[in-house]
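Before any comments, here is the structure.
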Amino acid sequence: MRSYQALFRTREFTPLFLSSSLQVAASTIGGLALGTSVYEATGSPLLSALSMFGPSLAQVVGATTLLSAADRLPPRATMTGLAVVFAASTASLALPGLPLWTVFAVIAAQGLVASLGGGVRWGLLNEILPKDGYLLGRSVFNMLHGLTQIAGYATGGALVALLSPAVTLLVSASLYAAAALCTSLGLTRRAPRASGRPSVAETWRTNAHLWSSAPRRRLYLGLWIPNGLVVGCESLFVAYAPDRAGLLFACAAFGMLAGDVTVGRLLPPRIRDGLATPLLLLLAGPYPLFALHPPTPVAAACATLASIGFGASLVQQQRLLALTPPELTGHALGLHSAGMLTLQGVSAGLAGAVAQLTSPGTAMTVMAGASVAVTLGLWAAGRDERAGLTSPARAS
(Lines give C-alpha, C1' and ligand atoms only; values in the text may rest on other atoms or scores of the structure.)
Protein backbone atom coordinates (compact mmCIF):
# COMPACT_ATOMS: atom_id res chain seq x y z
CA MET A 1 0.00 0.00 0.00
CA ARG A 2 1.70 3.18 -1.22
CA SER A 3 -1.05 5.78 -1.67
CA TYR A 4 -3.04 7.92 0.74
CA GLN A 5 -6.15 7.30 -1.36
CA ALA A 6 -5.91 3.58 -0.70
CA LEU A 7 -5.63 4.26 3.03
CA PHE A 8 -8.79 6.33 3.18
CA ARG A 9 -10.70 3.79 1.10
CA THR A 10 -10.17 1.36 3.98
CA ARG A 11 -13.51 1.45 5.80
CA GLU A 12 -12.49 1.95 9.43
CA PHE A 13 -9.37 3.98 8.84
CA THR A 14 -11.13 7.36 8.64
CA PRO A 15 -13.12 7.17 11.92
CA LEU A 16 -10.04 5.86 13.77
CA PHE A 17 -8.04 8.69 12.20
CA LEU A 18 -10.56 11.37 13.18
CA SER A 19 -11.00 10.07 16.71
CA SER A 20 -7.26 10.01 17.29
CA SER A 21 -6.87 13.53 15.88
CA LEU A 22 -9.57 14.90 18.17
CA GLN A 23 -7.77 13.40 21.14
CA VAL A 24 -4.45 14.91 20.05
CA ALA A 25 -6.14 18.31 19.71
CA ALA A 26 -7.68 17.91 23.15
CA SER A 27 -4.36 16.89 24.70
CA THR A 28 -2.48 19.74 23.01
CA ILE A 29 -4.93 22.49 23.96
CA GLY A 30 -5.45 21.16 27.47
CA GLY A 31 -1.75 20.59 28.09
CA LEU A 32 -0.79 24.13 27.12
CA ALA A 33 -3.60 25.56 29.26
CA LEU A 34 -2.58 23.48 32.26
CA GLY A 35 1.15 24.20 31.86
CA THR A 36 0.48 27.93 31.61
CA SER A 37 -1.85 27.87 34.63
CA VAL A 38 0.65 26.00 36.81
CA TYR A 39 3.54 28.25 35.76
CA GLU A 40 1.51 31.38 36.54
CA ALA A 41 0.58 29.98 39.95
CA THR A 42 4.00 28.67 40.97
CA GLY A 43 6.67 30.27 38.74
CA SER A 44 8.34 26.84 38.64
CA PRO A 45 9.77 25.44 35.37
CA LEU A 46 9.76 21.97 36.96
CA LEU A 47 6.07 22.00 37.92
CA SER A 48 5.09 23.58 34.61
CA ALA A 49 6.91 20.87 32.65
CA LEU A 50 5.45 18.11 34.82
CA SER A 51 1.91 19.46 34.46
CA MET A 52 2.20 19.25 30.66
CA PHE A 53 4.08 15.96 30.39
CA GLY A 54 3.40 14.41 33.80
CA PRO A 55 0.70 12.00 32.57
CA SER A 56 3.51 10.22 30.74
CA LEU A 57 5.15 9.30 34.06
CA ALA A 58 2.19 7.10 35.01
CA GLN A 59 2.52 5.16 31.76
CA VAL A 60 5.14 2.90 33.34
CA VAL A 61 2.55 1.68 35.86
CA GLY A 62 0.08 0.90 33.08
CA ALA A 63 2.77 -0.78 31.01
CA THR A 64 3.45 -3.23 33.85
CA THR A 65 -0.16 -3.86 34.87
CA LEU A 66 -2.69 -3.12 32.10
CA LEU A 67 -1.06 -3.85 28.74
CA SER A 68 -2.26 -7.47 28.44
CA ALA A 69 -5.72 -5.94 27.96
CA ALA A 70 -4.63 -4.24 24.71
CA ASP A 71 -5.14 -7.49 22.75
CA ARG A 72 -7.81 -8.99 25.04
CA LEU A 73 -10.54 -6.32 25.13
CA PRO A 74 -12.91 -5.27 22.31
CA PRO A 75 -11.25 -2.25 20.66
CA ARG A 76 -14.31 -0.07 20.01
CA ALA A 77 -15.71 -0.24 23.53
CA THR A 78 -12.30 0.23 25.11
CA MET A 79 -11.36 3.27 23.04
CA THR A 80 -14.77 4.88 23.60
CA GLY A 81 -14.56 4.35 27.36
CA LEU A 82 -11.04 5.78 27.57
CA ALA A 83 -12.06 8.94 25.69
CA VAL A 84 -14.98 9.43 28.10
CA VAL A 85 -12.61 9.09 31.07
CA PHE A 86 -10.33 11.75 29.59
CA ALA A 87 -13.25 14.10 28.93
CA ALA A 88 -14.47 13.86 32.53
CA SER A 89 -11.02 14.14 34.12
CA THR A 90 -10.00 17.13 31.97
CA ALA A 91 -13.23 18.92 32.84
CA SER A 92 -12.47 18.36 36.52
CA LEU A 93 -9.14 20.20 36.12
CA ALA A 94 -11.09 23.36 35.26
CA LEU A 95 -12.71 23.50 38.69
CA PRO A 96 -11.75 26.72 40.52
CA GLY A 97 -9.48 26.49 43.55
CA LEU A 98 -8.33 22.94 42.81
CA PRO A 99 -5.32 22.13 45.05
CA LEU A 100 -2.06 21.44 43.23
CA TRP A 101 -1.82 17.90 44.62
CA THR A 102 -5.27 17.15 43.21
CA VAL A 103 -4.21 18.43 39.80
CA PHE A 104 -1.25 16.06 39.76
CA ALA A 105 -3.38 13.16 41.02
CA VAL A 106 -5.74 13.64 38.07
CA ILE A 107 -2.77 13.90 35.71
CA ALA A 108 -1.37 10.62 37.06
CA ALA A 109 -4.74 8.86 36.59
CA GLN A 110 -4.89 10.10 32.99
CA GLY A 111 -1.44 8.70 32.29
CA LEU A 112 -2.38 5.34 33.76
CA VAL A 113 -5.38 4.81 31.46
CA ALA A 114 -3.55 6.31 28.46
CA SER A 115 -1.00 3.48 28.62
CA LEU A 116 -3.74 1.09 27.52
CA GLY A 117 -5.08 3.40 24.80
CA GLY A 118 -1.91 3.37 22.70
CA GLY A 119 -1.81 -0.42 22.50
CA VAL A 120 -5.48 -0.69 21.58
CA ARG A 121 -5.31 2.04 18.92
CA TRP A 122 -2.14 0.96 17.16
CA GLY A 123 -2.99 -2.72 17.39
CA LEU A 124 -6.33 -1.95 15.74
CA LEU A 125 -4.59 0.08 13.02
CA ASN A 126 -2.35 -2.89 12.24
CA GLU A 127 -5.47 -5.07 12.08
CA ILE A 128 -7.45 -2.70 9.84
CA LEU A 129 -4.70 -2.21 7.26
CA PRO A 130 -2.94 -4.82 5.13
CA LYS A 131 0.50 -5.95 6.23
CA ASP A 132 2.35 -3.48 4.02
CA GLY A 133 0.12 -0.56 5.04
CA TYR A 134 1.07 0.03 8.68
CA LEU A 135 4.06 2.33 8.10
CA LEU A 136 2.17 4.54 5.65
CA GLY A 137 -0.91 4.53 7.89
CA ARG A 138 1.08 5.40 10.99
CA SER A 139 2.90 8.14 9.10
CA VAL A 140 -0.46 9.66 8.12
CA PHE A 141 -1.52 9.59 11.77
CA ASN A 142 1.72 11.31 12.73
CA MET A 143 1.32 13.86 9.95
CA LEU A 144 -2.18 14.82 10.99
CA HIS A 145 -1.09 14.82 14.61
CA GLY A 146 1.63 17.30 13.64
CA LEU A 147 -0.90 19.53 11.89
CA THR A 148 -3.31 19.14 14.79
CA GLN A 149 -0.60 20.12 17.25
CA ILE A 150 0.26 23.19 15.18
CA ALA A 151 -3.40 24.24 15.16
CA GLY A 152 -3.89 23.10 18.74
CA TYR A 153 -1.00 25.06 20.21
CA ALA A 154 -2.01 28.14 18.22
CA THR A 155 -5.64 27.74 19.28
CA GLY A 156 -4.72 26.92 22.87
CA GLY A 157 -2.44 29.94 23.11
CA ALA A 158 -5.20 32.20 21.75
CA LEU A 159 -7.83 30.74 24.07
CA VAL A 160 -5.60 31.09 27.12
CA ALA A 161 -4.82 34.71 26.20
CA LEU A 162 -8.38 35.73 25.29
CA LEU A 163 -10.35 33.68 27.81
CA SER A 164 -8.64 31.74 30.59
CA PRO A 165 -6.87 28.42 31.21
CA ALA A 166 -10.03 27.04 32.89
CA VAL A 167 -12.23 27.74 29.85
CA THR A 168 -9.54 26.29 27.60
CA LEU A 169 -9.57 23.08 29.65
CA LEU A 170 -13.34 22.80 29.10
CA VAL A 171 -12.77 23.12 25.35
CA SER A 172 -10.26 20.28 25.64
CA ALA A 173 -12.81 18.14 27.52
CA SER A 174 -15.41 18.70 24.79
CA LEU A 175 -12.93 17.50 22.15
CA TYR A 176 -12.35 14.29 24.12
CA ALA A 177 -16.14 13.78 24.24
CA ALA A 178 -16.33 14.26 20.45
CA ALA A 179 -13.60 11.64 20.03
CA ALA A 180 -15.62 9.17 22.10
CA LEU A 181 -18.67 9.76 19.90
CA CYS A 182 -16.61 9.33 16.72
CA THR A 183 -15.18 6.02 17.93
CA SER A 184 -18.53 4.67 19.07
CA LEU A 185 -20.34 5.50 15.84
CA GLY A 186 -17.56 5.00 13.29
CA LEU A 187 -15.87 1.74 14.25
CA THR A 188 -17.39 -1.71 13.93
CA ARG A 189 -17.54 -4.19 16.75
CA ARG A 190 -14.51 -6.49 16.68
CA ALA A 191 -13.47 -9.46 18.75
CA PRO A 192 -10.27 -9.17 20.79
CA ARG A 193 -7.09 -10.23 18.96
CA ALA A 194 -6.02 -12.65 21.69
CA SER A 195 -7.91 -15.03 23.97
CA GLY A 196 -7.81 -15.21 27.72
CA ARG A 197 -8.40 -12.70 30.48
CA PRO A 198 -6.12 -9.71 30.92
CA SER A 199 -4.13 -9.74 34.13
CA VAL A 200 -1.04 -8.26 35.71
CA ALA A 201 0.68 -11.67 35.52
CA GLU A 202 -0.03 -11.97 31.78
CA THR A 203 1.24 -8.43 31.24
CA TRP A 204 4.50 -9.31 32.98
CA ARG A 205 4.88 -12.58 31.00
CA THR A 206 4.37 -10.87 27.66
CA ASN A 207 6.64 -7.97 28.57
CA ALA A 208 9.35 -10.47 29.52
CA HIS A 209 8.89 -12.33 26.22
CA LEU A 210 9.14 -9.14 24.17
CA TRP A 211 12.15 -7.96 26.17
CA SER A 212 13.98 -11.31 25.88
CA SER A 213 15.04 -10.63 22.26
CA ALA A 214 18.18 -8.48 22.01
CA PRO A 215 17.15 -6.82 18.70
CA ARG A 216 13.71 -5.98 20.10
CA ARG A 217 15.30 -4.73 23.30
CA ARG A 218 17.55 -2.32 21.38
CA LEU A 219 14.59 -1.15 19.32
CA TYR A 220 12.59 -0.37 22.43
CA LEU A 221 15.47 1.55 23.98
CA GLY A 222 15.96 3.46 20.73
CA LEU A 223 12.27 4.28 20.54
CA TRP A 224 12.08 5.40 24.16
CA ILE A 225 15.23 7.19 25.29
CA PRO A 226 16.62 9.55 22.57
CA ASN A 227 13.09 10.68 21.70
CA GLY A 228 12.15 11.15 25.36
CA LEU A 229 15.23 13.22 26.17
CA VAL A 230 14.45 15.61 23.31
CA VAL A 231 10.86 15.97 24.51
CA GLY A 232 12.49 17.07 27.77
CA CYS A 233 13.96 19.95 25.75
CA GLU A 234 10.53 20.80 24.37
CA SER A 235 8.97 20.70 27.83
CA LEU A 236 11.03 23.80 28.70
CA PHE A 237 9.59 26.00 25.95
CA VAL A 238 7.17 27.66 28.40
CA ALA A 239 9.94 28.43 30.90
CA TYR A 240 12.41 29.39 28.13
CA ALA A 241 10.11 31.89 26.42
CA PRO A 242 6.61 32.18 27.95
CA ASP A 243 5.45 34.61 25.28
CA ARG A 244 6.81 32.49 22.41
CA ALA A 245 6.10 28.97 23.68
CA GLY A 246 3.11 28.45 21.40
CA LEU A 247 5.21 29.39 18.36
CA LEU A 248 8.04 27.04 19.35
CA PHE A 249 5.64 24.15 19.97
CA ALA A 250 3.95 24.81 16.62
CA CYS A 251 7.30 24.88 14.79
CA ALA A 252 8.34 21.62 16.44
CA ALA A 253 5.05 20.05 15.35
CA PHE A 254 5.61 21.30 11.78
CA GLY A 255 9.07 19.72 11.74
CA MET A 256 7.63 16.41 12.90
CA LEU A 257 5.05 16.63 10.10
CA ALA A 258 7.78 17.21 7.51
CA GLY A 259 9.79 14.26 8.83
CA ASP A 260 6.81 11.92 8.74
CA VAL A 261 5.89 12.91 5.17
CA THR A 262 9.45 12.35 4.03
CA VAL A 263 10.01 9.02 5.78
CA GLY A 264 6.52 7.58 5.37
CA ARG A 265 5.76 8.59 1.79
CA LEU A 266 8.70 10.01 -0.16
CA LEU A 267 11.72 7.85 0.64
CA PRO A 268 12.10 4.39 -0.97
CA PRO A 269 12.55 1.50 1.50
CA ARG A 270 16.22 0.89 0.58
CA ILE A 271 17.11 4.43 1.72
CA ARG A 272 14.57 4.74 4.54
CA ASP A 273 15.66 1.57 6.36
CA GLY A 274 19.13 2.96 7.09
CA LEU A 275 18.05 6.36 8.39
CA ALA A 276 17.01 5.61 11.97
CA THR A 277 20.33 6.60 13.58
CA PRO A 278 20.97 9.74 11.44
CA LEU A 279 17.46 10.97 12.14
CA LEU A 280 17.88 10.43 15.88
CA LEU A 281 21.09 12.47 15.77
CA LEU A 282 19.26 15.23 13.91
CA LEU A 283 16.56 15.14 16.57
CA ALA A 284 18.97 16.35 19.26
CA GLY A 285 21.51 18.31 17.21
CA PRO A 286 19.99 21.84 17.12
CA TYR A 287 19.00 22.14 20.80
CA PRO A 288 22.39 23.18 22.23
CA LEU A 289 21.96 26.43 20.29
CA PHE A 290 19.20 27.42 22.72
CA ALA A 291 21.90 27.97 25.37
CA LEU A 292 23.02 30.96 23.28
CA HIS A 293 19.53 32.51 23.48
CA PRO A 294 19.12 33.00 19.73
CA PRO A 295 16.53 35.41 18.32
CA THR A 296 13.03 34.07 17.79
CA PRO A 297 13.39 33.16 14.07
CA VAL A 298 16.55 31.13 14.77
CA ALA A 299 14.98 29.36 17.77
CA ALA A 300 11.90 28.52 15.69
CA ALA A 301 14.09 27.17 12.87
CA CYS A 302 16.04 25.01 15.35
CA ALA A 303 12.85 23.53 16.78
CA THR A 304 11.56 22.80 13.27
CA LEU A 305 14.77 21.18 12.02
CA ALA A 306 15.23 19.04 15.12
CA SER A 307 11.71 17.62 15.00
CA ILE A 308 12.22 16.24 11.49
CA GLY A 309 14.21 13.58 13.34
CA PHE A 310 11.06 12.18 14.95
CA GLY A 311 10.57 10.35 11.62
CA ALA A 312 13.07 7.80 12.94
CA SER A 313 10.29 6.18 14.97
CA LEU A 314 8.49 5.06 11.79
CA VAL A 315 11.53 3.07 10.68
CA GLN A 316 11.94 1.62 14.16
CA GLN A 317 8.27 0.64 14.47
CA GLN A 318 8.38 -1.16 11.13
CA ARG A 319 11.31 -3.22 12.40
CA LEU A 320 9.49 -3.91 15.67
CA LEU A 321 6.43 -5.28 13.85
CA ALA A 322 8.64 -7.54 11.74
CA LEU A 323 10.08 -9.02 14.96
CA THR A 324 6.74 -9.45 16.79
CA PRO A 325 4.14 -12.30 16.57
CA PRO A 326 0.82 -11.01 15.08
CA GLU A 327 -1.22 -11.87 18.19
CA LEU A 328 1.03 -9.63 20.31
CA THR A 329 1.10 -6.54 18.07
CA GLY A 330 -1.22 -4.51 20.30
CA HIS A 331 0.83 -5.32 23.39
CA ALA A 332 4.14 -4.69 21.60
CA LEU A 333 3.02 -1.34 20.18
CA GLY A 334 1.43 -0.42 23.50
CA LEU A 335 4.71 -1.16 25.26
CA HIS A 336 6.48 1.08 22.77
CA SER A 337 3.92 3.87 23.29
CA ALA A 338 3.83 3.56 27.08
CA GLY A 339 7.59 3.36 27.43
CA MET A 340 8.12 6.28 25.10
CA LEU A 341 5.63 8.48 26.94
CA THR A 342 7.03 7.40 30.31
CA LEU A 343 10.53 8.42 29.26
CA GLN A 344 9.10 11.69 27.95
CA GLY A 345 7.57 12.36 31.36
CA VAL A 346 10.77 11.40 33.18
CA SER A 347 12.76 13.59 30.82
CA ALA A 348 10.40 16.52 31.34
CA GLY A 349 10.91 16.22 35.09
CA LEU A 350 14.67 15.88 34.72
CA ALA A 351 14.85 18.82 32.32
CA GLY A 352 12.75 20.92 34.68
CA ALA A 353 15.02 20.04 37.60
CA VAL A 354 18.18 20.96 35.66
CA ALA A 355 16.55 24.21 34.51
CA GLN A 356 15.61 24.98 38.10
CA LEU A 357 19.28 24.73 39.09
CA THR A 358 20.75 26.36 35.98
CA SER A 359 18.63 27.79 33.15
CA PRO A 360 16.23 26.41 30.51
CA GLY A 361 18.83 26.88 27.72
CA THR A 362 21.49 25.00 29.68
CA ALA A 363 19.06 22.22 30.50
CA MET A 364 18.19 21.82 26.80
CA THR A 365 21.89 21.41 26.02
CA VAL A 366 22.31 18.75 28.70
CA MET A 367 19.26 16.77 27.52
CA ALA A 368 20.29 16.97 23.85
CA GLY A 369 23.82 15.79 24.66
CA ALA A 370 22.44 12.81 26.58
CA SER A 371 20.19 11.93 23.62
CA VAL A 372 23.15 11.91 21.22
CA ALA A 373 25.19 9.74 23.62
CA VAL A 374 22.41 7.14 23.93
CA THR A 375 21.85 7.04 20.16
CA LEU A 376 25.53 6.43 19.48
CA GLY A 377 25.72 3.82 22.25
CA LEU A 378 22.80 1.84 20.81
CA TRP A 379 24.28 2.12 17.31
CA ALA A 380 27.57 0.72 18.59
CA ALA A 381 25.80 -2.10 20.47
CA GLY A 382 24.10 -3.24 17.26
CA ARG A 383 27.25 -3.33 15.11
CA ASP A 384 27.88 -7.05 15.58
CA GLU A 385 24.31 -7.87 14.63
CA ARG A 386 24.47 -5.70 11.50
CA ALA A 387 27.77 -7.28 10.51
CA GLY A 388 26.27 -10.74 10.94
CA LEU A 389 23.29 -9.91 8.77
CA THR A 390 25.52 -8.73 5.92
CA SER A 391 28.24 -11.40 6.12
CA PRO A 392 28.39 -14.04 3.34
CA ALA A 393 27.93 -16.88 5.81
CA ARG A 394 24.69 -15.40 7.16
CA ALA A 395 23.41 -14.41 3.75
CA SER A 396 23.78 -17.96 2.44
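Order determines the names: the first chain of the C-alpha coordinates is A, the second B, and so forth; residues in each chain are numbered 1 upward, and ligands are numbered 1 upward as they are shown.
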Contacts of Leu136 of chain A at 10 Å (only C-alpha atoms; same-chain gap of 4+ positions) as a PyMOL selection string: chain A and resi 1-4+7+129+132+140-142+260-261+263-265+314
Could the residues of segment 119-214 of chain A that have an atom at most 8 Å from segment 331-335 of chain A be listed as a tab-separated table, each with its closest atom pair and the distance in Å to one decimal, counting only C-alpha atoms and ordered by chain and ascending residue number?
residue	atom	partner	partner_atom	distance
A:Gly119	CA	A:Gly334	CA	3.4
A:Val120	CA	A:Gly334	CA	7.2
A:Trp122	CA	A:Leu333	CA	6.4
A:Gly123	CA	A:Leu333	CA	6.8
A:Thr206	CA	A:His331	CA	7.8
A:Asn207	CA	A:Leu335	CA	7.8
A:Leu210	CA	A:Ala332	CA	7.2
Give me a file of those residues, with N, CA, C and O atoms, as a PDB file, in the first residue's frame.
ATOM      1  N   GLY A 119      -1.833   0.957  22.985  1.00  0.00           N
ATOM      2  CA  GLY A 119      -1.808  -0.419  22.502  1.00  0.00           C
ATOM      3  C   GLY A 119      -3.065  -0.796  21.741  1.00  0.00           C
ATOM      4  O   GLY A 119      -3.017  -1.459  20.703  1.00  0.00           O
ATOM      5  N   VAL A 120      -4.215  -0.370  22.252  1.00  0.00           N
ATOM      6  CA  VAL A 120      -5.482  -0.685  21.582  1.00  0.00           C
ATOM      7  C   VAL A 120      -5.542  -0.001  20.216  1.00  0.00           C
ATOM      8  O   VAL A 120      -5.884  -0.616  19.201  1.00  0.00           O
ATOM      9  N   TRP A 122      -3.088   1.343  18.195  1.00  0.00           N
ATOM     10  CA  TRP A 122      -2.136   0.956  17.157  1.00  0.00           C
ATOM     11  C   TRP A 122      -2.263  -0.516  16.797  1.00  0.00           C
ATOM     12  O   TRP A 122      -1.986  -0.903  15.659  1.00  0.00           O
ATOM     13  N   GLY A 123      -2.688  -1.337  17.741  1.00  0.00           N
ATOM     14  CA  GLY A 123      -2.990  -2.723  17.392  1.00  0.00           C
ATOM     15  C   GLY A 123      -4.161  -2.810  16.431  1.00  0.00           C
ATOM     16  O   GLY A 123      -4.165  -3.608  15.488  1.00  0.00           O
ATOM     17  N   THR A 206       4.194 -11.350  29.030  1.00  0.00           N
ATOM     18  CA  THR A 206       4.369 -10.874  27.657  1.00  0.00           C
ATOM     19  C   THR A 206       5.470  -9.828  27.568  1.00  0.00           C
ATOM     20  O   THR A 206       6.259  -9.819  26.618  1.00  0.00           O
ATOM     21  N   ASN A 207       5.539  -8.944  28.553  1.00  0.00           N
ATOM     22  CA  ASN A 207       6.636  -7.973  28.574  1.00  0.00           C
ATOM     23  C   ASN A 207       7.996  -8.679  28.599  1.00  0.00           C
ATOM     24  O   ASN A 207       8.931  -8.288  27.891  1.00  0.00           O
ATOM     25  N   LEU A 210       8.741 -10.166  25.129  1.00  0.00           N
ATOM     26  CA  LEU A 210       9.139  -9.138  24.169  1.00  0.00           C
ATOM     27  C   LEU A 210      10.543  -8.619  24.477  1.00  0.00           C
ATOM     28  O   LEU A 210      11.331  -8.342  23.568  1.00  0.00           O
TER      29      LEU A 210
END
Residues of segment 64-238 of chain A in helix (DSSP H, G or I), written as a PyMOL selection string: chain A and resi 64-65+67-71+75-92+100-128+131-162+165-186+200-211+214-234+237-238
Polymer residues at most 12 Å from segment 353-365 of chain A, only C-alpha atoms, same-chain spacing of 4 or more positions, as a PyMOL selection string: chain A and resi 43-50+229-242+284-294+299+303+346-349+369-372
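In this comparison, which uses only C-alpha atoms, the residue of A:Thr80, A:Ser51, A:Gln316, A:Gln59 approaching Leu185 of chain A most closely is A:Thr80.
Of note, atom CA of Gly352 of chain A and atom CA of Thr148 of chain A are spaced 25.6 Å apart.
Comparing the minimum interatomic distances between Gly309 of chain A and each of A:Ala276, A:Ala70, A:Met340, A:Ala41, counting only C-alpha atoms, we find that A:Ala276 sits nearest.
What separates atom CA of Ala83 of chain A from atom CA of Gln23 of chain A is a distance of 7.7 Å.
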Interatomic distance, atom CA of Val103 of chain A to atom CA of Met52 of chain A (Å, one decimal): 11.2 Å
Shell of 9 Å around segment 305-307 of chain A, only C-alpha atoms, local chain residues under 4 positions omitted, as JSON, numbers by chain: {"A": [230, 251, 252, 253, 254, 255, 256, 257, 258, 259, 279, 281, 282, 283, 284, 285, 286, 287, 300, 301, 311]}
Spatial neighbours of Pro192 of chain A, 8 Å, only C-alpha atoms, chain gap at least 4 places, as a ChimeraX atom specification: /A:71-75
Would you write out those residues with all heavy atoms, as a PDB file, in the first residue's frame?
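Contents of the output file selection-v5.pdb:
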ATOM      1  N   ASP A  71      -4.748  -6.488  23.749  1.00  0.00           N
ATOM      2  CA  ASP A  71      -5.143  -7.486  22.751  1.00  0.00           C
ATOM      3  C   ASP A  71      -6.303  -8.345  23.229  1.00  0.00           C
ATOM      4  O   ASP A  71      -6.747  -9.229  22.497  1.00  0.00           O
ATOM      5  CB  ASP A  71      -3.950  -8.393  22.429  1.00  0.00           C
ATOM      6  CG  ASP A  71      -2.826  -7.644  21.740  1.00  0.00           C
ATOM      7  OD1 ASP A  71      -3.080  -7.042  20.683  1.00  0.00           O
ATOM      8  OD2 ASP A  71      -1.699  -7.641  22.273  1.00  0.00           O
ATOM      9  N   ARG A  72      -6.803  -8.112  24.450  1.00  0.00           N
ATOM     10  CA  ARG A  72      -7.809  -8.992  25.039  1.00  0.00           C
ATOM     11  C   ARG A  72      -9.129  -8.295  25.356  1.00  0.00           C
ATOM     12  O   ARG A  72     -10.003  -8.908  25.989  1.00  0.00           O
ATOM     13  CB  ARG A  72      -7.237  -9.644  26.309  1.00  0.00           C
ATOM     14  CG  ARG A  72      -6.110 -10.627  26.019  1.00  0.00           C
ATOM     15  CD  ARG A  72      -5.450 -11.138  27.288  1.00  0.00           C
ATOM     16  NE  ARG A  72      -4.509 -12.206  26.991  1.00  0.00           N
ATOM     17  CZ  ARG A  72      -3.269 -12.011  26.560  1.00  0.00           C
ATOM     18  NH1 ARG A  72      -2.822 -10.761  26.398  1.00  0.00           N
ATOM     19  NH2 ARG A  72      -2.483 -13.031  26.283  1.00  0.00           N
ATOM     20  N   LEU A  73      -9.287  -7.046  24.957  1.00  0.00           N
ATOM     21  CA  LEU A  73     -10.543  -6.319  25.126  1.00  0.00           C
ATOM     22  C   LEU A  73     -11.057  -5.869  23.762  1.00  0.00           C
ATOM     23  O   LEU A  73     -10.266  -5.627  22.849  1.00  0.00           O
ATOM     24  CB  LEU A  73     -10.344  -5.090  26.019  1.00  0.00           C
ATOM     25  CG  LEU A  73     -10.033  -5.344  27.491  1.00  0.00           C
ATOM     26  CD1 LEU A  73      -9.789  -4.019  28.204  1.00  0.00           C
ATOM     27  CD2 LEU A  73     -11.154  -6.118  28.172  1.00  0.00           C
ATOM     28  N   PRO A  74     -12.376  -5.749  23.591  1.00  0.00           N
ATOM     29  CA  PRO A  74     -12.909  -5.274  22.309  1.00  0.00           C
ATOM     30  C   PRO A  74     -12.461  -3.844  22.040  1.00  0.00           C
ATOM     31  O   PRO A  74     -12.671  -2.956  22.889  1.00  0.00           O
ATOM     32  CB  PRO A  74     -14.431  -5.382  22.487  1.00  0.00           C
ATOM     33  CG  PRO A  74     -14.660  -5.449  23.959  1.00  0.00           C
ATOM     34  CD  PRO A  74     -13.444  -6.091  24.553  1.00  0.00           C
ATOM     35  N   PRO A  75     -11.866  -3.571  20.886  1.00  0.00           N
ATOM     36  CA  PRO A  75     -11.248  -2.251  20.656  1.00  0.00           C
ATOM     37  C   PRO A  75     -12.229  -1.084  20.700  1.00  0.00           C
ATOM     38  O   PRO A  75     -11.922  -0.050  21.303  1.00  0.00           O
ATOM     39  CB  PRO A  75     -10.629  -2.396  19.254  1.00  0.00           C
ATOM     40  CG  PRO A  75     -10.461  -3.860  19.053  1.00  0.00           C
ATOM     41  CD  PRO A  75     -11.571  -4.507  19.796  1.00  0.00           C
TER      42      PRO A  75
END
